Amino acid sequence: MGLARTLAVRAATLVVLLFIVLFVISFALAGPASKILKDEIMMETKSIIRQLMLHGHYNSTQIQQLQTQIVTELENAYGLNKPPAIRTLYIMYNMIVFNWGYAYFPSEYGNVGGGKVVDIILSALPGTILLDTFGILLSAFIGIEIGLRSALKYGSKSDRAVMYYAALSNGIPQWWLGIVMLLVFSFYLAQIHSPIYFPTGGIISPRYYELWLTDPIKVFAIPQAALDLLWHLILPLVTVLIINIGGWAYFARTVVLNISQEDFVTFAKIKGLPEGHVVNRYILRPAAPSILTSVFITIPFIIFGGFLVTEMVFHWWGLGYVYNIAIVQSPTPDLPVVVALTYASTLLYIVIIFIMEIVYIMLDPRLRE
Amino acid sequence: MARKQREFRILGMTPSEIVREFFSSGTGKVAAALFIVLIVVSVYALVTLPPNFARVWNNPKYWQLNPQYAPPAWIDSIMGPVYSPQIYVNDYTFTVQHQDGVTYITVTFNVNYEYDKPWNEIFIVINNPAIYSMSQPPVVSITIYRPDGSKITLGPLPINTRVTTLGVSPEVVSQVNLFYSEEYHISDVVPTGSSATPYLFYTVDDGKLVPLKGPYRFTMVFYVFSQNSSVINRKDLEIVLQGQIYGLMGTDNEGHDLWLGLLAGFPIDLAVGLLSALIIVVIAVIIGIVAGFYSGLIDEALMRLTDFVILLPAFPLLIVFSVLFGWSIWDAVIFLAIVSWGASARIIRAMIMQIRNAQYIESAVIAGASRMWILRNHILPQIIPFILYLLVTNVPGAILTLSSINFLGLAGSDTQHGVHYSTTPMSLAH
């Protein structure tokens with residue numbers, strides 16, 4: 001009973017949070033930021049007028065008339081003639097039903113679904129899952145293993161080395177390491193004509209790029225394409241691993257150390273249980289909820305954290321890189337993409353957090369009462 | 001006996017108490033060391049750099065005399081004299097003669113060339129705006145006496161801008177080519193599109209170009225034809241030999257002195273870090289103490305708020321707001337600080353709840369102590385080290401976040417450290 005209530009409260013909080021984020025974005029978009037939209041309309045109008053002037057004969061008053069007419073029509077089409085409150089609700093509705101509009105993406109990034117924002121974001125999702133989610137899970141796996149070992153050898157030289165490494169990796173920005181890796185393993189290796197060198201960025205070779213954007217599953221079916229993807233993945237993945245393993249090791253070590261000082265562990269040792277049994281049953285099992293919770297809680301955060309910039313450094317076609325292109329690379333900030341991405345990542349984040357709550361309850365019997 | 005005098009108190013503690021608590025903990029000492037280093041460098045930066053450094057940084061004219069992508073100057077002291085350093089020629093002789101309405105200004109100076117890689121370029125800088133409005137611009141003719149006894153004559157070149165770049169003018173290129181074909185019978189020494197200046201310092205040995213080391217003597221004769229003969233004077237004339245190494249940390253693709261850029265980042269980083277950490281800690285402490293101390297409805301409400309703030313996706317919101325409202329770096333920092341106090345507040349609340357259930361608190365309550373007295377004497381001294389820890393750990397976090405924001409090209413107009421990590425000029429474009 002209490003469990004259902006707790007879960008319901010959590011779900012309600014998350015949904016309210018989602019709505020607040022949605023409302024804030026939509027309101028900002030509808031109210032103070034409509035100037036950007038007006039600028040974009042002006043730009044669009046000017047290009048239409050230029051086309052008209054090239055292909056027909058108009059005098060200046062006609063042009064003026066045409067311009068005002070096009071501007072009014074476009075403003076009506078975008079709903080700029082309605083009051084901000086109505087427009088906020090309208091934007092919120094469109095966001096919720098996944099009608100995210102069209103992007104202004106430059107065509108060199110591949111023409112995904114005719115520039116529909118939904119398709120662009122969907123095409124970027126596999127890259128993010130491959131690098132960010134897989135990277136964080138792998139580094140958590142390795143890091144927890146290292147942390148466990150170093151906690152069991154508490155105070156030894158290897159334990160201290162792990163701690164120094166953890167402190168160091170905590171202070172380095174991930175994307176900075178990415179730049180260094182690119183410089184060393186891509187540019188310098190290519191400069192000295194090394195037989196093995198890594199690509200300077202990108203998610204896959206141009207040959208397979210179109211295929212990756214449209215149907216990423218098929219890429220894994222072609223061995224060369226999968227190898228090519230792996231070749232591109234190595235540098236970013238190694239960067240992610242180097243930076244993240246330290247933190248996990250430190251965290252797992254602390255948790256395991258705390259538990260191994262508990263009375264029941266001492267008692268199990270006194271009872272003469274084998275070492276492996278003590279570690280697995282008496283140390284790891286109680287440590288599992290907190291370790292897994294933090295693995296899960298990290299996954300939503302990585303979408304926004306250092307990975308955003310890391311993807312950009314490696315030109316890795318994921319959500320972060322799409323964010324960056326939308327912010328910087330188009331002539332004006334690509335508002336539909338930025339806003340839709342923010343909403344999509346919030347949605348993703350909230351779903352993952354809710355799953356995490358359930359997993360946490362499943363793992364920790366104390367919460368089930 | 002009650003004390004009559006009212007004391008100055010922060011968080012219920014006198015300043016001396018705070019200082020004592022501060023230095024009694026290890027984290028306090030670390031914090032002090034960190035702050036002292038940052039403050040010293042920041043003060044040094046504020047004193048040595050011009051106050052409008054951000055604008056200077058984005059002004060390409062300021063940096064055009066510097067070499068691009070140059071390594072730092074100290075590599076010569078490790079590798080021996082290999083790369084020629086940047087030289088601002090100061091000890092030149094300056095003589096003026098008037099004849100038939102033409103003013104002849106002769107400037108001579110010596111440089112000692114003892115490196116493997118010669119100077120990239122020679123700049124003649126006239127810091128006199130009158131140079132732009134001359135009906136007939138002055139011309140310069142340059143003679144270089146080389147250590148092997150040969151001499152190269154360059155020019156005449158018109159001087160009609162502030163900076164005259166010697167090696168790129170087609171006349172100079174052809175004169176250098178001519179010199180090599182007459183002396184060593186090699187044609188087209190200077191590759192098309194590159195500067196001729198480095199080839200002033202080469203000789204030919206066995207059909208190959210090798211550096212000619214030794215003292216070089218430059219004689220520049222300026223001919224000023226108009227009445228305004230003082231357009232070129234000692235005060236306004238600057239001669240710069242652009243080296244291949246520069247400064248303490250080298251330069252980037254626009255010739256920016258990276259050491260100055262790094263230095264300029266220190267006060268901003270310190271301010272950003274401190275401001276952000278201060279906002280986070282103040283909010284977290286207030287919320288944590290209130291929630292932990294007054295249980296019940298207030299606690300419940302504050303904890304819901306804290307949950308909310310923890311869950312809020314701050315970075316995407318920051319991106320949206322920066323794009324929509326054109327936020328400055330300070331807006332971004334304050335926004336991030338305002339939405340990132342959640343976890344700290346939760347920990348402080350948990351600490352206070354734990355302390356509150358201790359027996360000594362109970363006995364203090366029985367003895368008739370007021371809530372504020374308990375807060376001041378039993379609770380705050382225990383959480384002060386944690387508050388300091390929060391301050392210390394939040395400063396680098398804020399600085400790293402700032403550099404990420406800057407790297408993304410958001411909210412950037414000043415010089416911060418993120419700019420220097422950038423491989424593209426993108427974040428400078430703002």
# chains A, B, ... in the order shown; residues from 1 in each chain; ligands from 1
>>> select_by_dssp(residues="region 92-338 of chain B", states="helix (DSSP H, G or I)", output="JSON, numbers by chain")
{"B": [129, 130, 131, 132, 133, 170, 171, 172, 173, 174, 175, 176, 177, 178, 179, 180, 181, 182, 183, 197, 198, 199, 200, 201, 229, 230, 231, 258, 259, 260, 261, 262, 263, 264, 265, 266, 267, 268, 269, 270, 271, 272, 273, 274, 275, 276, 277, 278, 279, 280, 281, 282, 283, 284, 285, 286, 287, 288, 289, 290, 291, 292, 293, 297, 298, 299, 300, 301, 302, 303, 304, 305, 306, 307, 308, 309, 310, 311, 314, 315, 316, 317, 318, 319, 320, 321, 322, 323, 324, 325, 329, 330, 331, 332, 333, 334, 335, 336, 337, 338]}
>>> residues_around(residues="Ala326 (chain A)", least_positions_apart="6", cutoff="7 Å", atoms="only C-alpha atoms", output="PDB file with C-alpha atoms, in the first residue's frame")
ATOM      1  CA  PRO A 333      19.948  29.334 -33.592  1.00  0.00           C
ATOM      2  CA  ASP A 334      17.828  26.475 -34.833  1.00  0.00           C
ATOM      3  CA  VAL A 337      15.660  21.587 -32.799  1.00  0.00           C
ATOM      4  CA  VAL A 338      16.892  23.155 -29.556  1.00  0.00           C
TER       5      VAL A 338
END
>>> closest_residue(among="A:Glu357, A:Ala103, A:Leu177, A:Met163", to="Val313 (chain A)", atoms="only C-alpha atoms")
A:Leu177
>>> closest_residue(among="B:Asn357, B:Thr306, B:Asn377, B:Gln227", to="chain A", atoms="only C-alpha atoms")
B:Thr306
>>> closest_atom_pairs(of="chain B", to="chain A", cutoff="6 Å", atoms="only C-alpha atoms", output="CSV")
residue,atom,partner,partner_atom,distance
B:Phe315,CA,A:Phe304,CA,5.9
B:Pro316,CA,A:Thr342,CA,5.4
B:Leu324,CA,A:Ala33,CA,5.5
>>> atom_distance(atom1="CA of His193 (chain A)", atom2="CA of Pro198 (chain B)")
28.3 Å
>>> residues_around(residues="Leu137 (chain A)", least_positions_apart="2", cutoff="12 Å", atoms="only C-alpha atoms", output="PyMOL selection string")
chain A and resi 129-135+139-144+237+240-241+244-245+248+292+294-299+302
>>> write_last_selection(atoms="C-alpha atoms", output="mmCIF file, in the first residue's frame")
data_model
loop_
_atom_site.group_PDB
_atom_site.id
_atom_site.type_symbol
_atom_site.label_atom_id
_atom_site.label_comp_id
_atom_site.auth_asym_id
_atom_site.auth_seq_id
_atom_site.Cartn_x
_atom_site.Cartn_y
_atom_site.Cartn_z
ATOM 1 C CA ILE A 129 23.048 5.200 -26.945
ATOM 2 C CA LEU A 130 26.186 3.704 -28.487
ATOM 3 C CA LEU A 131 28.642 6.211 -27.072
ATOM 4 C CA ASP A 132 27.012 7.640 -23.953
ATOM 5 C CA THR A 133 24.839 4.877 -22.558
ATOM 6 C CA PHE A 134 27.079 2.016 -23.555
ATOM 7 C CA GLY A 135 30.141 4.003 -22.494
ATOM 8 C CA SER A 139 32.886 2.235 -17.446
ATOM 9 C CA ALA A 140 30.598 1.542 -14.496
ATOM 10 C CA PHE A 141 31.154 -2.183 -14.920
ATOM 11 C CA ILE A 142 34.942 -1.858 -15.110
ATOM 12 C CA GLY A 143 35.090 0.831 -12.439
ATOM 13 C CA ILE A 144 32.994 -1.103 -9.933
ATOM 14 C CA LEU A 237 34.842 5.336 -26.095
ATOM 15 C CA VAL A 240 34.778 8.174 -21.927
ATOM 16 C CA LEU A 241 36.229 5.143 -20.169
ATOM 17 C CA ASN A 244 34.547 7.766 -15.938
ATOM 18 C CA ILE A 245 36.171 4.617 -14.571
ATOM 19 C CA TRP A 248 33.059 4.609 -10.365
ATOM 20 C CA LEU A 292 22.926 0.329 -9.125
ATOM 21 C CA SER A 294 23.908 5.604 -8.953
ATOM 22 C CA VAL A 295 24.517 3.791 -12.234
ATOM 23 C CA PHE A 296 20.938 4.511 -13.186
ATOM 24 C CA ILE A 297 20.937 8.057 -11.932
ATOM 25 C CA THR A 298 24.024 8.810 -14.036
ATOM 26 C CA ILE A 299 22.462 7.674 -17.302
ATOM 27 C CA ILE A 302 25.137 12.077 -19.149
#
>>> closest_residue(among="B:Ser340, B:Ser25, B:Asp116, B:Ile405", to="Trp327 (chain B)", atoms="only C-alpha atoms")
B:Ile405
>>> residues_around(residues="region 215-230 of chain A", least_positions_apart="6", cutoff="10 Å", atoms="only C-alpha atoms", output="number ranges by chain")
A: 123, 126-127, 199, 202-205, 207-209, 237
>>> decode(residues="region 122-226 of chain A", atoms="C-alpha atoms", output="mmCIF file, in the first residue's frame")
data_model
loop_
_atom_site.group_PDB
_atom_site.id
_atom_site.type_symbol
_atom_site.label_atom_id
_atom_site.label_comp_id
_atom_site.auth_asym_id
_atom_site.auth_seq_id
_atom_site.Cartn_x
_atom_site.Cartn_y
_atom_site.Cartn_z
ATOM 1 C CA LEU A 122 15.565 9.817 -33.836
ATOM 2 C CA SER A 123 18.542 9.480 -36.148
ATOM 3 C CA ALA A 124 20.813 10.923 -33.442
ATOM 4 C CA LEU A 125 19.532 8.624 -30.721
ATOM 5 C CA PRO A 126 21.492 5.463 -31.733
ATOM 6 C CA GLY A 127 24.757 7.414 -31.628
ATOM 7 C CA THR A 128 24.011 8.674 -28.147
ATOM 8 C CA ILE A 129 23.048 5.200 -26.945
ATOM 9 C CA LEU A 130 26.186 3.704 -28.487
ATOM 10 C CA LEU A 131 28.642 6.211 -27.072
ATOM 11 C CA ASP A 132 27.012 7.640 -23.953
ATOM 12 C CA THR A 133 24.839 4.877 -22.558
ATOM 13 C CA PHE A 134 27.079 2.016 -23.555
ATOM 14 C CA GLY A 135 30.141 4.003 -22.494
ATOM 15 C CA ILE A 136 28.760 4.783 -19.070
ATOM 16 C CA LEU A 137 27.585 1.207 -18.501
ATOM 17 C CA LEU A 138 30.925 -0.225 -19.561
ATOM 18 C CA SER A 139 32.886 2.235 -17.446
ATOM 19 C CA ALA A 140 30.598 1.542 -14.496
ATOM 20 C CA PHE A 141 31.154 -2.183 -14.920
ATOM 21 C CA ILE A 142 34.942 -1.858 -15.110
ATOM 22 C CA GLY A 143 35.090 0.831 -12.439
ATOM 23 C CA ILE A 144 32.994 -1.103 -9.933
ATOM 24 C CA GLU A 145 35.148 -4.167 -10.489
ATOM 25 C CA ILE A 146 38.305 -2.103 -9.883
ATOM 26 C CA GLY A 147 36.777 -0.387 -6.859
ATOM 27 C CA LEU A 148 35.756 -3.696 -5.335
ATOM 28 C CA ARG A 149 39.227 -5.148 -5.776
ATOM 29 C CA SER A 150 40.940 -2.109 -4.353
ATOM 30 C CA ALA A 151 38.552 -2.046 -1.382
ATOM 31 C CA LEU A 152 39.380 -5.657 -0.634
ATOM 32 C CA LYS A 153 43.086 -4.746 -0.743
ATOM 33 C CA TYR A 154 42.532 -1.635 1.344
ATOM 34 C CA GLY A 155 45.699 0.402 1.930
ATOM 35 C CA SER A 156 47.857 -1.443 -0.593
ATOM 36 C CA LYS A 157 49.887 0.302 -3.285
ATOM 37 C CA SER A 158 47.394 -0.565 -6.025
ATOM 38 C CA ASP A 159 44.574 0.797 -3.873
ATOM 39 C CA ARG A 160 46.375 4.118 -3.455
ATOM 40 C CA ALA A 161 47.136 4.235 -7.181
ATOM 41 C CA VAL A 162 43.457 3.759 -7.959
ATOM 42 C CA MET A 163 42.570 6.596 -5.611
ATOM 43 C CA TYR A 164 45.075 8.988 -7.194
ATOM 44 C CA TYR A 165 43.784 8.061 -10.630
ATOM 45 C CA ALA A 166 40.203 8.655 -9.460
ATOM 46 C CA ALA A 167 41.072 12.105 -8.115
ATOM 47 C CA LEU A 168 42.916 13.021 -11.311
ATOM 48 C CA SER A 169 40.209 11.817 -13.686
ATOM 49 C CA ASN A 170 37.634 13.711 -11.655
ATOM 50 C CA GLY A 171 39.393 16.988 -12.375
ATOM 51 C CA ILE A 172 39.849 16.607 -16.138
ATOM 52 C CA PRO A 173 37.061 17.721 -18.449
ATOM 53 C CA GLN A 174 36.088 14.807 -20.661
ATOM 54 C CA TRP A 175 36.063 16.844 -23.841
ATOM 55 C CA TRP A 176 39.524 18.204 -23.126
ATOM 56 C CA LEU A 177 40.858 14.673 -22.947
ATOM 57 C CA GLY A 178 38.947 14.046 -26.182
ATOM 58 C CA ILE A 179 40.860 16.848 -27.905
ATOM 59 C CA VAL A 180 44.164 15.486 -26.639
ATOM 60 C CA MET A 181 43.251 11.973 -27.808
ATOM 61 C CA LEU A 182 42.316 13.274 -31.246
ATOM 62 C CA LEU A 183 45.553 15.211 -31.451
ATOM 63 C CA VAL A 184 47.734 12.268 -30.456
ATOM 64 C CA PHE A 185 46.016 9.237 -31.922
ATOM 65 C CA SER A 186 44.558 10.815 -34.999
ATOM 66 C CA PHE A 187 46.643 13.761 -36.183
ATOM 67 C CA TYR A 188 50.102 12.821 -34.891
ATOM 68 C CA LEU A 189 49.751 9.152 -35.808
ATOM 69 C CA ALA A 190 48.656 10.130 -39.307
ATOM 70 C CA GLN A 191 51.532 12.599 -39.514
ATOM 71 C CA ILE A 192 54.200 10.019 -38.779
ATOM 72 C CA HIS A 193 52.509 7.665 -41.286
ATOM 73 C CA SER A 194 51.717 5.087 -38.680
ATOM 74 C CA PRO A 195 49.944 2.049 -40.133
ATOM 75 C CA ILE A 196 47.210 2.384 -37.498
ATOM 76 C CA TYR A 197 45.602 5.718 -36.899
ATOM 77 C CA PHE A 198 42.157 6.819 -35.899
ATOM 78 C CA PRO A 199 39.656 9.033 -37.730
ATOM 79 C CA THR A 200 39.537 12.701 -36.843
ATOM 80 C CA GLY A 201 35.875 12.464 -35.967
ATOM 81 C CA GLY A 202 32.513 11.459 -37.279
ATOM 82 C CA ILE A 203 30.425 8.463 -36.443
ATOM 83 C CA ILE A 204 31.027 6.413 -39.583
ATOM 84 C CA SER A 205 32.670 6.766 -43.000
ATOM 85 C CA PRO A 206 30.771 8.856 -45.562
ATOM 86 C CA ARG A 207 29.978 5.702 -47.550
ATOM 87 C CA TYR A 208 27.761 4.341 -44.804
ATOM 88 C CA TYR A 209 26.644 7.661 -43.405
ATOM 89 C CA GLU A 210 23.327 7.755 -45.239
ATOM 90 C CA LEU A 211 22.592 4.196 -44.204
ATOM 91 C CA TRP A 212 23.393 4.951 -40.577
ATOM 92 C CA LEU A 213 21.039 7.921 -40.580
ATOM 93 C CA THR A 214 18.160 6.032 -42.099
ATOM 94 C CA ASP A 215 18.562 2.517 -40.778
ATOM 95 C CA PRO A 216 21.256 1.979 -38.139
ATOM 96 C CA ILE A 217 20.312 -1.668 -37.619
ATOM 97 C CA LYS A 218 21.391 -2.521 -41.165
ATOM 98 C CA VAL A 219 24.867 -1.127 -40.484
ATOM 99 C CA PHE A 220 25.508 -3.928 -38.021
ATOM 100 C CA ALA A 221 24.502 -6.480 -40.641
ATOM 101 C CA ILE A 222 27.306 -5.394 -43.007
ATOM 102 C CA PRO A 223 30.649 -6.515 -41.498
ATOM 103 C CA GLN A 224 32.719 -3.734 -43.117
ATOM 104 C CA ALA A 225 30.300 -1.065 -41.955
ATOM 105 C CA ALA A 226 30.233 -2.453 -38.432
#
